[in-house]
Amino acid sequence: MSGDCPLYTRLMASLRAKTSFNHRHLLGIGGLSRPEIEHLLDMADAAVKVSRQVEKKRTVLSGRTQINLFFEASTRTQSSFELAGKRLGADVMNMAVANSSVNKGETLIDTAVTLNAMRPDLIIVRHYCSGAVELLAKKVSCSVVNAGDGSHEHPTQALLDALTIRRRLGRIDGLTVAICGDVAHSRVARSNMILLTQMGARVRVVAPSTLLPAGIERMGVEVFRDFNKGIAGADIVMMLRLQRERMDGAYVPSLNEYARFHGLTEEKLFAAAPDALVMHPGPINRGVEIDSDVADGARSLINEQVEMGVAVRMAVLEVLAQHLPNG
Amino acid sequence: MTTRPIALLDARLIDPVAGTETRGGVLVENGLIKDVGARVTRANVGSSADVIECAGDVVSPGLIDMRASEHRETIQSISKAAAAGGVTSVCVSPESNPVLDTTAVVDFFVRRARDHDGVRFYPIAALTKGLAGKEIGEMGLLGQAGAIAFGNGQHSVRDTQVMRRAMTYSCDFDALVLHVPQDADLAASGVMNEGEFATRLGLMGIPREAEVIMLDRDLRLVAMTGARYHAELVSTTLSVDAISRARAQGLNVTCGVSINHLTLNENDIGDYRTFLKLMPPLRHEEERLALVEALNAGAIDVIVSDHCGQDVEDKRVPFAEAEAGALGLETMLAAALRLVHAEQISLPKLIRAMTSRPAEILGLPQGRLAKGTPGDLIRFDPDEPFVVDPTKLHSRCKNTPFDEARLQGVVKLAMVAGKIVHG
């Protein structure tokens, strides 16, 4: 059949869309299929190559406007998205909205509608409330990427973690991953739990009982309260930041006690698989959830995660741009 | 003003006290039920009465709602919404602006309510001044001004000593103490039921124990003081069991459940639907089913609308920041009829929980289908289907959790003291 038959072209386009990634927004890992995740990771692999060249500039987002809207302070995620957008040729604008509680959510909708009127193509949003990014996405006509909403999801973090693991170990399926720390307040933990189980990994969560949310055992993960048992034999030990600023009260008696029982040290790492790798979404609390010698050691993937962050975000922006009008 | 007698004929008469359903009519004259039963027929009522043929529709006493808020509403809007929903008596929460905690405000409310043509209103006065939970309210004076009972709105009284004194003092006036039990420390920053679903949504949870711990405290105080106590909203079987145990000890305690907790569960929150953010929060489906069973067994006394209008700007915000509360007056009956259609409860039993049972607790004469009682009646077709359209609701707000829901049960007529207020 001739390639210029319009019906055939449309059919092929829709087939490609179905087997790749067919969402307007990226609001969470929940709802993504395994092939969709793999497609994003494949694209991110290609983006890593681009980022390692001298000439890093591409044009897929040329003429597009990307707004980074951060209701919560962030350095690395915001700069990672900014760099990703710029490498793809987009015009990137950063908007840091003061974390003021005066007008609370009112400003969220108002800001969304205002920004929408400026006709951006992509909005990257971080907000301190779970579900806030989804709410905003309903009010705009462009594509929205969730850069972290409350304790809900942080999809690009989970994707970059998956990319890091896949590049290093060649697979995710069948690996044992221990996610350790403040699971209750962590959007990173939630997105990773969903993604890693979806990709066939065995996921454990390891935390003191006060930092384990209710019903966590029904999310397809094994639950451990004892750190040493939790990381025993694990291929990946993924540490979470202890979100001190987010805690209403004393979930743990002291940082000292937390570090003693739930902090990762060189000695404790012996319990994990012999060639176990260590990850952390950053920024790290040295001496609290992770010791410096582990964080800076040979088994640490922390810096690699940062590099993969840019690549994954390039992939996400590119894939969403394919579905933008006139794209 | 005297009105002509009205006869409702050929109806399915629901007598909530007897728990029966019979065929017949009701004759209302001078604001009271003059006669009721099979003998009320066209031949017997004479030509002096206006006759309404009900053609087999249900006729029951008008509903009595023990918990509704005037917040964001006016007397007129709430009255129309109530009448359209078959509610002819509304107890209004003290949580208003200003709070119903002084005789002047209660007196003003009573006058406003009296001067409009619609349903009956009963103010619930503040159990503690400003609902702050620090000082007990003027129960004697507020009672004289027309307060029907004393409650603390959405807020639990945290200080046990204050609650003890409020209960002790209430006995001097035989006042009814209403309370929504919730331990504020345990509920903390929770915004929905604690459990797997909250964890998936990344929202802070409120455990069931937050309710029953406070309720247990209250019941100990009831045993200590002898107060008449009504737990306004229970949302878990733990609370129902606590109430049942207290009753077995001979305590004078009753409880209510909101229509939302009987017909919805936490999963209805879906993708952060703030119209389903309620206090207490919607619970697990198992809890809902158990509440329905408790209602059927009489362990739960009354159903309330827990009507609470909220403006769009207080609801179209992230879930954690949204105000709690939902409209209820206009859809309470139709939503409750879901339980009848699902054969989980009989129609007379359901109606009792919204008529004679609240009337008994509040000491009101209406809510019965008996000669000499007030002519507050409703006629409805329990089977007629409709889709809830928020734009057509009479309330000034649109925050109905039954948005677009398919319900059955249309109120065709509502009558207060023999006067038609809807239909």
# chains A, B, ... in the order shown; residues from 1 in each chain; ligands from 1
>>> interface_residues(of="chain A", to="chain B", cutoff="9 Å", atoms="only C-alpha atoms", output="PyMOL selection string")
chain A and resi 104-109+129-135+149-153+184-187+190+213-219+248
>>> residues_around(residues="Gly56 (chain B)", least_positions_apart="6", cutoff="8 Å", atoms="only C-alpha atoms", output="number ranges by chain")
B: 10-12, 23
>>> write_last_selection(atoms="all heavy atoms", output="CSV table (one decimal), in the first residue's frame")
chain,number,residue,atom,x,y,z
B,10,ASP,N,-56.3,8.4,48.6
B,10,ASP,CA,-55.8,7.2,47.8
B,10,ASP,C,-54.3,7.2,47.9
B,10,ASP,O,-53.6,7.1,46.8
B,10,ASP,CB,-56.3,7.3,46.4
B,10,ASP,CG,-56.1,6.0,45.7
B,10,ASP,OD1,-55.9,4.9,46.4
B,10,ASP,OD2,-56.0,6.0,44.4
B,11,ALA,N,-53.7,7.2,49.1
B,11,ALA,CA,-52.3,7.2,49.2
B,11,ALA,C,-51.8,5.9,49.9
B,11,ALA,O,-52.5,5.3,50.6
B,11,ALA,CB,-51.8,8.4,50.0
B,12,ARG,N,-50.5,5.7,49.7
B,12,ARG,CA,-49.8,4.7,50.6
B,12,ARG,C,-49.4,5.4,51.9
B,12,ARG,O,-48.5,6.2,51.8
B,12,ARG,CB,-48.5,4.1,49.9
B,12,ARG,CG,-48.8,3.2,48.8
B,12,ARG,CD,-47.5,2.9,48.1
B,12,ARG,NE,-46.4,2.3,48.9
B,12,ARG,CZ,-45.2,2.1,48.4
B,12,ARG,NH1,-44.8,2.6,47.3
B,12,ARG,NH2,-44.3,1.5,49.2
B,23,ARG,N,-53.3,1.7,52.9
B,23,ARG,CA,-53.9,2.5,51.9
B,23,ARG,C,-55.0,3.4,52.5
B,23,ARG,O,-55.8,2.9,53.4
B,23,ARG,CB,-54.6,1.6,50.9
B,23,ARG,CG,-54.9,2.2,49.5
B,23,ARG,CD,-53.6,2.3,48.7
B,23,ARG,NE,-54.0,2.7,47.3
B,23,ARG,CZ,-53.2,2.6,46.3
B,23,ARG,NH1,-52.0,2.1,46.4
B,23,ARG,NH2,-53.6,3.1,45.1
>>> select_by_dssp(residues="region 28-258 of chain A", states="strand (DSSP E)", output="MDAnalysis selection string")
chainID A and resid 65:70 91:96 122:127 143:149 176:180 202:206 222:224 236:239
>>> atom_distance(atom1="CA of Ala113 (chain B)", atom2="CA of Gln76 (chain B)")
9.0 Å
>>> residues_around(residues="Arg225 (chain A)", least_positions_apart="4", cutoff="7 Å", atoms="only C-alpha atoms", output="CSV table (one decimal) with N, CA, C and O atoms, in the first residue's frame")
chain,number,residue,atom,x,y,z
A,206,VAL,N,10.9,-0.1,53.9
A,206,VAL,CA,11.5,-0.3,55.2
A,206,VAL,C,11.5,1.0,55.9
A,206,VAL,O,12.0,2.1,55.4
A,207,ALA,N,10.8,1.0,57.1
A,207,ALA,CA,10.6,2.3,57.8
A,207,ALA,C,10.2,2.0,59.2
A,207,ALA,O,9.6,0.9,59.5
A,208,PRO,N,10.4,2.9,60.2
A,208,PRO,CA,9.8,2.7,61.5
A,208,PRO,C,8.3,2.8,61.3
A,208,PRO,O,7.8,3.5,60.4
A,209,SER,N,7.5,2.1,62.2
A,209,SER,CA,6.1,2.0,62.0
A,209,SER,C,5.4,3.4,61.9
A,209,SER,O,4.4,3.5,61.2
>>> residues_around(residues="Ser51 (chain A)", least_positions_apart="6", cutoff="9 Å", atoms="only C-alpha atoms", output="NGL selection string")
:A and (57 or 87 or 307 or 310-311)
>>> atom_distance(atom1="CA of Thr74 (chain B)", atom2="CA of Asn399 (chain B)")
15.8 Å
>>> atom_distance(atom1="CA of Arg167 (chain A)", atom2="CA of Val306 (chain A)")
13.7 Å
>>> residues_around(residues="region 167-178 of chain B", least_positions_apart="4", cutoff="7 Å", atoms="only C-alpha atoms", output="PDB file with all heavy atoms, in the first residue's frame")
ATOM      1  N   MET B 139     -27.467  28.193  78.611  1.00  0.00           N
ATOM      2  CA  MET B 139     -28.515  27.252  78.209  1.00  0.00           C
ATOM      3  C   MET B 139     -29.907  27.662  78.665  1.00  0.00           C
ATOM      4  O   MET B 139     -30.881  27.456  77.951  1.00  0.00           O
ATOM      5  CB  MET B 139     -28.182  25.865  78.735  1.00  0.00           C
ATOM      6  CG  MET B 139     -26.966  25.273  78.044  1.00  0.00           C
ATOM      7  SD  MET B 139     -26.688  23.582  78.580  1.00  0.00           S
ATOM      8  CE  MET B 139     -24.919  23.559  78.586  1.00  0.00           C
ATOM      9  N   GLY B 140     -29.995  28.244  79.847  1.00  0.00           N
ATOM     10  CA  GLY B 140     -31.306  28.667  80.339  1.00  0.00           C
ATOM     11  C   GLY B 140     -31.898  29.755  79.470  1.00  0.00           C
ATOM     12  O   GLY B 140     -33.002  29.627  78.933  1.00  0.00           O
ATOM     13  N   ALA B 149     -31.997  22.758  71.231  1.00  0.00           N
ATOM     14  CA  ALA B 149     -30.965  21.890  71.790  1.00  0.00           C
ATOM     15  C   ALA B 149     -29.656  22.665  71.753  1.00  0.00           C
ATOM     16  O   ALA B 149     -29.621  23.808  71.262  1.00  0.00           O
ATOM     17  CB  ALA B 149     -30.850  20.601  70.987  1.00  0.00           C
ATOM     18  N   PHE B 150     -28.591  22.024  72.259  1.00  0.00           N
ATOM     19  CA  PHE B 150     -27.295  22.697  72.328  1.00  0.00           C
ATOM     20  C   PHE B 150     -26.219  21.832  71.697  1.00  0.00           C
ATOM     21  O   PHE B 150     -26.072  20.663  72.050  1.00  0.00           O
ATOM     22  CB  PHE B 150     -26.962  23.034  73.782  1.00  0.00           C
ATOM     23  CG  PHE B 150     -27.977  23.970  74.364  1.00  0.00           C
ATOM     24  CD1 PHE B 150     -29.134  23.476  74.948  1.00  0.00           C
ATOM     25  CD2 PHE B 150     -27.817  25.336  74.236  1.00  0.00           C
ATOM     26  CE1 PHE B 150     -30.114  24.339  75.415  1.00  0.00           C
ATOM     27  CE2 PHE B 150     -28.791  26.205  74.697  1.00  0.00           C
ATOM     28  CZ  PHE B 150     -29.945  25.706  75.290  1.00  0.00           C
ATOM     29  N   GLY B 151     -25.525  22.436  70.754  1.00  0.00           N
ATOM     30  CA  GLY B 151     -24.485  21.677  70.072  1.00  0.00           C
ATOM     31  C   GLY B 151     -23.260  22.536  69.844  1.00  0.00           C
ATOM     32  O   GLY B 151     -23.278  23.742  70.133  1.00  0.00           O
ATOM     33  N   MET B 163     -16.705  19.980  78.969  1.00  0.00           N
ATOM     34  CA  MET B 163     -17.790  19.102  78.529  1.00  0.00           C
ATOM     35  C   MET B 163     -18.550  18.567  79.732  1.00  0.00           C
ATOM     36  O   MET B 163     -19.776  18.472  79.717  1.00  0.00           O
ATOM     37  CB  MET B 163     -17.213  17.958  77.686  1.00  0.00           C
ATOM     38  CG  MET B 163     -18.262  17.179  76.915  1.00  0.00           C
ATOM     39  SD  MET B 163     -19.209  18.256  75.787  1.00  0.00           S
ATOM     40  CE  MET B 163     -20.172  17.022  74.922  1.00  0.00           C
ATOM     41  N   THR B 225     -22.982  12.354  84.698  1.00  0.00           N
ATOM     42  CA  THR B 225     -23.808  13.549  84.882  1.00  0.00           C
ATOM     43  C   THR B 225     -25.304  13.306  84.677  1.00  0.00           C
ATOM     44  O   THR B 225     -26.115  14.092  85.143  1.00  0.00           O
ATOM     45  CB  THR B 225     -23.408  14.639  83.864  1.00  0.00           C
ATOM     46  OG1 THR B 225     -23.618  14.136  82.532  1.00  0.00           O
ATOM     47  CG2 THR B 225     -21.936  15.021  84.028  1.00  0.00           C
ATOM     48  N   ALA B 227     -26.772  13.484  81.748  1.00  0.00           N
ATOM     49  CA  ALA B 227     -27.254  14.368  80.686  1.00  0.00           C
ATOM     50  C   ALA B 227     -27.987  13.584  79.586  1.00  0.00           C
ATOM     51  O   ALA B 227     -27.771  12.390  79.413  1.00  0.00           O
ATOM     52  CB  ALA B 227     -26.075  15.128  80.078  1.00  0.00           C
ATOM     53  N   ARG B 228     -28.855  14.301  78.876  1.00  0.00           N
ATOM     54  CA  ARG B 228     -29.464  13.743  77.656  1.00  0.00           C
ATOM     55  C   ARG B 228     -28.493  14.046  76.531  1.00  0.00           C
ATOM     56  O   ARG B 228     -28.205  15.210  76.243  1.00  0.00           O
ATOM     57  CB  ARG B 228     -30.793  14.418  77.362  1.00  0.00           C
ATOM     58  CG  ARG B 228     -31.942  13.895  78.195  1.00  0.00           C
ATOM     59  CD  ARG B 228     -33.268  14.118  77.472  1.00  0.00           C
ATOM     60  NE  ARG B 228     -33.590  15.525  77.315  1.00  0.00           N
ATOM     61  CZ  ARG B 228     -34.142  16.034  76.211  1.00  0.00           C
ATOM     62  NH1 ARG B 228     -34.374  15.263  75.154  1.00  0.00           N
ATOM     63  NH2 ARG B 228     -34.416  17.324  76.134  1.00  0.00           N
ATOM     64  N   TYR B 229     -27.997  13.014  75.854  1.00  0.00           N
ATOM     65  CA  TYR B 229     -26.896  13.189  74.907  1.00  0.00           C
ATOM     66  C   TYR B 229     -27.239  12.540  73.569  1.00  0.00           C
ATOM     67  O   TYR B 229     -27.764  11.429  73.507  1.00  0.00           O
ATOM     68  CB  TYR B 229     -25.633  12.548  75.492  1.00  0.00           C
ATOM     69  CG  TYR B 229     -24.423  12.558  74.585  1.00  0.00           C
ATOM     70  CD1 TYR B 229     -23.540  13.634  74.567  1.00  0.00           C
ATOM     71  CD2 TYR B 229     -24.145  11.475  73.754  1.00  0.00           C
ATOM     72  CE1 TYR B 229     -22.418  13.633  73.746  1.00  0.00           C
ATOM     73  CE2 TYR B 229     -23.029  11.467  72.928  1.00  0.00           C
ATOM     74  CZ  TYR B 229     -22.165  12.548  72.932  1.00  0.00           C
ATOM     75  OH  TYR B 229     -21.060  12.537  72.120  1.00  0.00           O
ATOM     76  N   HIS B 230     -26.907  13.262  72.516  1.00  0.00           N
ATOM     77  CA  HIS B 230     -27.134  12.744  71.167  1.00  0.00           C
ATOM     78  C   HIS B 230     -25.865  12.952  70.347  1.00  0.00           C
ATOM     79  O   HIS B 230     -25.431  14.089  70.140  1.00  0.00           O
ATOM     80  CB  HIS B 230     -28.309  13.484  70.520  1.00  0.00           C
ATOM     81  CG  HIS B 230     -28.563  13.105  69.089  1.00  0.00           C
ATOM     82  ND1 HIS B 230     -29.213  11.949  68.726  1.00  0.00           N
ATOM     83  CD2 HIS B 230     -28.253  13.742  67.940  1.00  0.00           C
ATOM     84  CE1 HIS B 230     -29.279  11.887  67.396  1.00  0.00           C
ATOM     85  NE2 HIS B 230     -28.713  12.955  66.898  1.00  0.00           N
ATOM     86  N   ALA B 231     -25.266  11.855  69.890  1.00  0.00           N
ATOM     87  CA  ALA B 231     -24.098  11.952  69.013  1.00  0.00           C
ATOM     88  C   ALA B 231     -24.630  12.256  67.617  1.00  0.00           C
ATOM     89  O   ALA B 231     -25.307  11.430  67.008  1.00  0.00           O
ATOM     90  CB  ALA B 231     -23.316  10.649  69.027  1.00  0.00           C
ATOM     91  N   GLU B 232     -24.324  13.451  67.126  1.00  0.00           N
ATOM     92  CA  GLU B 232     -24.971  13.928  65.895  1.00  0.00           C
ATOM     93  C   GLU B 232     -24.603  13.125  64.655  1.00  0.00           C
ATOM     94  O   GLU B 232     -25.441  12.892  63.787  1.00  0.00           O
ATOM     95  CB  GLU B 232     -24.601  15.387  65.649  1.00  0.00           C
ATOM     96  CG  GLU B 232     -25.261  16.348  66.594  1.00  0.00           C
ATOM     97  CD  GLU B 232     -24.968  17.770  66.183  1.00  0.00           C
ATOM     98  OE1 GLU B 232     -25.655  18.267  65.276  1.00  0.00           O
ATOM     99  OE2 GLU B 232     -24.042  18.380  66.751  1.00  0.00           O
TER     100      GLU B 232
END
>>> select_by_dssp(residues="region 99-298 of chain A", states="alpha helix (DSSP H)", output="PyMOL selection string")
chain A and resi 105-117+132-137+155-169+187-198+227-231+255-262+292-295
>>> residues_around(residues="Glu289 (chain A)", least_positions_apart="2", cutoff="8 Å", atoms="only C-alpha atoms", output="list in words")
Gly181, Met239, Leu240, Arg241, Leu242, Tyr258, Ala259, His262, Gly263, Leu264, Ile284, Asn285, Arg286, Gly287 and Asp291 of chain A
